[in-house]
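Here the structure is laid out as structure tokens; the discussion comes afterwards.
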Amino acid sequence: MLSGLIHLCLRHAAVVAVAAALALVAGVEMLRRATFDVFPEFVPALFVVQTEAPGLSAEQVETLVTHPLESVLNGATGVTKISSESLQGLSVVRVSFGPGDPVRQRQIVSEQLAGAPSFLPAGVAVPSVSPLTSSTMDLLKVGFVSERLDPMQLRDFVQWTIRPQLLGVPGVARAALYGGQVREIQIVVAPTALAAHGLTLDDFMHAARDVAGAPGLGFRETASQRLVLQASGTAASAEDIEQALLRATPGAPLRIGDVARVVDGPAPAFSDAIIMGRPGVLISMASQYGANTLSVTLAVEAALEELQPAMDAAGVEMIPALQRPANFIITAFDHLRGALLLGAGLAFALLIFALREWRTALISFISIPLSLLAAVAVLQALGVSLNTMTIGGLAVAVGVVVDDGVIDVENIGRRLRERRPEVSVFDTIYTASREVRLPVVYATLVVLLVFVPMLMLEDIQGAFFRPLALSFMLAVAASLLVALTVTPALCWLMLRNRPPPPEMQFLEWLKTLQARALVPLHRHLSAVVVGLLLLTLVSAYAMSRFGRELLPDFNEGHIVAQLAAPSDAGFNAMRTWGKQMLDRLLAMPEVRTAEVQLGRAEAAEDTWGANRAEFHVALHPTDARNEARLRREARDILMSTPGIHGEVTTFLGERIHESITGVSAAVVITLFGPDLDDLDRAAYRLADLLRELPDAADVRVRVPVRAPALVVRPLPDRLAVYGVRASEVFQAVQAAHQGIAVAQIRAGDRVTPVSLRMQDTAGSTPEALGRLHLRAASGATVALSQVAHIGIEEQHSIIEHEGALRRQLVTANPDTRDIAGFVRAARQAIAEHGDLPPGVSLRFTGTAEAQAAAARDLAWRSAAIGVVIVLVLMVSFGDWRRTALVLLSGPLALVGGVVAVAITGGILSIGSLVGFVTLFGIAARNGIMLLWHYDHLLRAEGCTWNLDTAQRGARERLTPVLLTAALTAIALLPIALQSGEAGQEIEGPMAIVIVGGLVSSTLLGLILMPPLALRVLRR
């Protein structure tokens, strides 16, 4: 069949050439229309269920809200993990699923929560489910500041003018607001006024709700039409609330405005933002699941540009791109495109240099654009975006896809030079192509098979490497088709009247040197084999001693710092500290923009208190080494304040860590147990042990321990004496300090909450709070201290669960790439000195465990595919001896790969391990071609197997073996040299291993394979 295909293409060479040209044009057009993104979706479906529980403590939220929700969600189909946080006034349950349709999985969560109102306490809000967001989640952060508008006016402008327009952009899932002041209409009543008029807080609540409500009145049918009845005249402002009737006294109606102040005021703050050192409002946008980051970012920026006149008129200054992941996409693609084009250019230059003629070089080179564009077309047809992993796979494939064409062209050129006059050029080209067709097919099949384990990887490593493997395999498969069809046709069209020139003198010299080395190597082959075995063992031992990491740091030009102060810190202290830190960061010349967001936004991903801060620092373009230095300097600045702890990372690093462990840290120790105090003591003990280890950094106890709380505990006997209900006590305290939400008023498209507040005559101390006035049943006023005990107690502000068990976390971000080595040291230290209280257990999670699991996964899958490769080789050669010789390519390649890793830092990432697997397939190609040529000499040309035949076969295969290895290495060299730069963090280590391994496998293979074959294949 293959012979017929080659013959057909030669007979219709012009048609094949035109078809190839059309394919190139179509491929370029498809590439122009292709979609680009930063990474494939690498985070499994995760849904956050948030439930507001006003007034409840963390322990009450745990018992009354979180436990029931966990019980319901645990029964959902496909759920793999449930974790939760219970904090004051809020329950957060995170539900993780395995592979599947995220839309259907979100529907499952919603269905499970349908009955929540029936089992949750009164006053607890209906649980809300987070929207589906992309793996990178963050889309764009934009800041707004103003010298003309006050914080409340600025928040109004951003919330009601800017935000709705941005949410309307296709692909935007969420737009969370930080900072400013949220407007609310506040009814402020003095306790003395309540007593003087015989009123209660309930009276004000009912009055406000009556005037703010807009009931549906139905409709009325007439003889000819239906008329809708609509309520009008409901409250639309503070003035309308003032006119609400409290008591209908004949001749002297009592209104809210008669006994209370009704004002526009700021709601209790849950978030704040400082932008470039100035207070402002921050919009943090997230992209929808499956949305294209780059295109959505450009659409959002276009919408902001349309809003610029409105901002100018209002006196609002926009500070754009405080965080813009699209910048990383652009930079990464620029680097990958540059590496791909440079690699292709170097390959073409090497072809011209080695083949000494532009026609043969062009015929070989044409397989690169044809193969890559064919792969792009298939990827687009499959709905796979062009991201840094798919483009990286194509970049790695550049040096491989040209090999099949080079083998064919070199063999055709050699046969044309040796052609006898009585043999036609057509027959010579046809015979030469047939001669190498089967070894090319089998060699390419082996290369494809070694990538199959990558298609089978799971979890985050699978999400990253499956697209890379798919794009690589598509390109290599396309190159095989090009070599069988286009290459022979172009050789017939371009070389039939002009045979290739003789080979370079340099290659002739290498062939002579190889032939001379064959005799002594054959004579001392036993010593050579022993030496090779020792070299392999040393390489394997060195590889086992290398450090381990899952994925390298991504150099995004952006720094993210998540920091926490003591749990009782408030916004005033955090604002002052945040402003100081921003000023120091902005003083660094490499910093372009910086902002800090405090607390949590409504319905946002992070449910943080006032003591938590997240810094985003955008850098001017710089290289990978300088960016790592800047991260260290930023960590030193942000950690310089006593009591501040947290992590300094990148936004992609943060997302990757969160997808593995649920928190943004590389090393996580999870402690489980029933007693929170035991968990806290054990966690601090382990944190102290970790801090003593070399390279320890960002070590912290993740869940805050007990914090002071002002506790109001009603006294039943005193309540009975004064005729005061416990609910009235809590209601009065809530009104005095937080306000009671009573209604909402609507004016146009704006919604403003209405809250009831007691005039703040109390304070923050127990004594001051005790002076708060309550209204007794008799109508007299009673001090809070007369009916309740008030005191400061230590309470847990956050309680976390995993699998319905209480947990505490100890996290660290070691200042080393060898995360696995740090974890080994941590395990040893804990085993020797980390005695745990009874009932407490621990579990290590993080990138080290993920890397080890990925390595085991890759190893056994590679072993399984190795068996398949052995079977393919047995089918190809029909002989176990030749199969064993091909498998020898592995140890030969291992040596160079290990040396390359040692030179570049001695750290093995998953990319490096994938490089070793890939290396075997590429290196095996040379062995297959050499051994198949030996069989051709014996079967087709009738040679006898002896030293002369071994030398001849090695001599005739030296040029294609050396050239294909050199082409692969030189095409990968730009990626290897730029390892660590944006877009090449994963492919760089892979390219380093392949380049190093190709050097050793090629040199050792050219020297050792012929004498080994001479000995092993003796008949």
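Residue numbering restarts at 1 in every chain; chains get A, B, ... in the order shown in the structure tokens, and ligands count up from 1 in that same order.
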
Please provide the set of residues having any atom within 9 Å of Met758 in chain A, restricted to only C-alpha atoms, with same-chain residues fewer than 2 positions apart removed, written as a count of residues only. 16

Helix (DSSP H, G or I) positions in range 487-566 of chain A, given as number ranges by chain: A: 487-495, 505-523, 525-545

Distance criterion (only C-alpha atoms): nearest to Phe571 in chain A out of A:Gly179, A:Gly997, A:Gly878, A:Gly748: A:Gly179

When you look at Gly846 in chain A with a cut-off of 7 Å (counting only C-alpha atoms), what residues show up, excluding the ones that are within fewer than 3 positions of it in the same chain? I need them as a list in words. Ile660, Thr661, Ala666, Val667, Val668, Glu849 and Ala850 of chain A
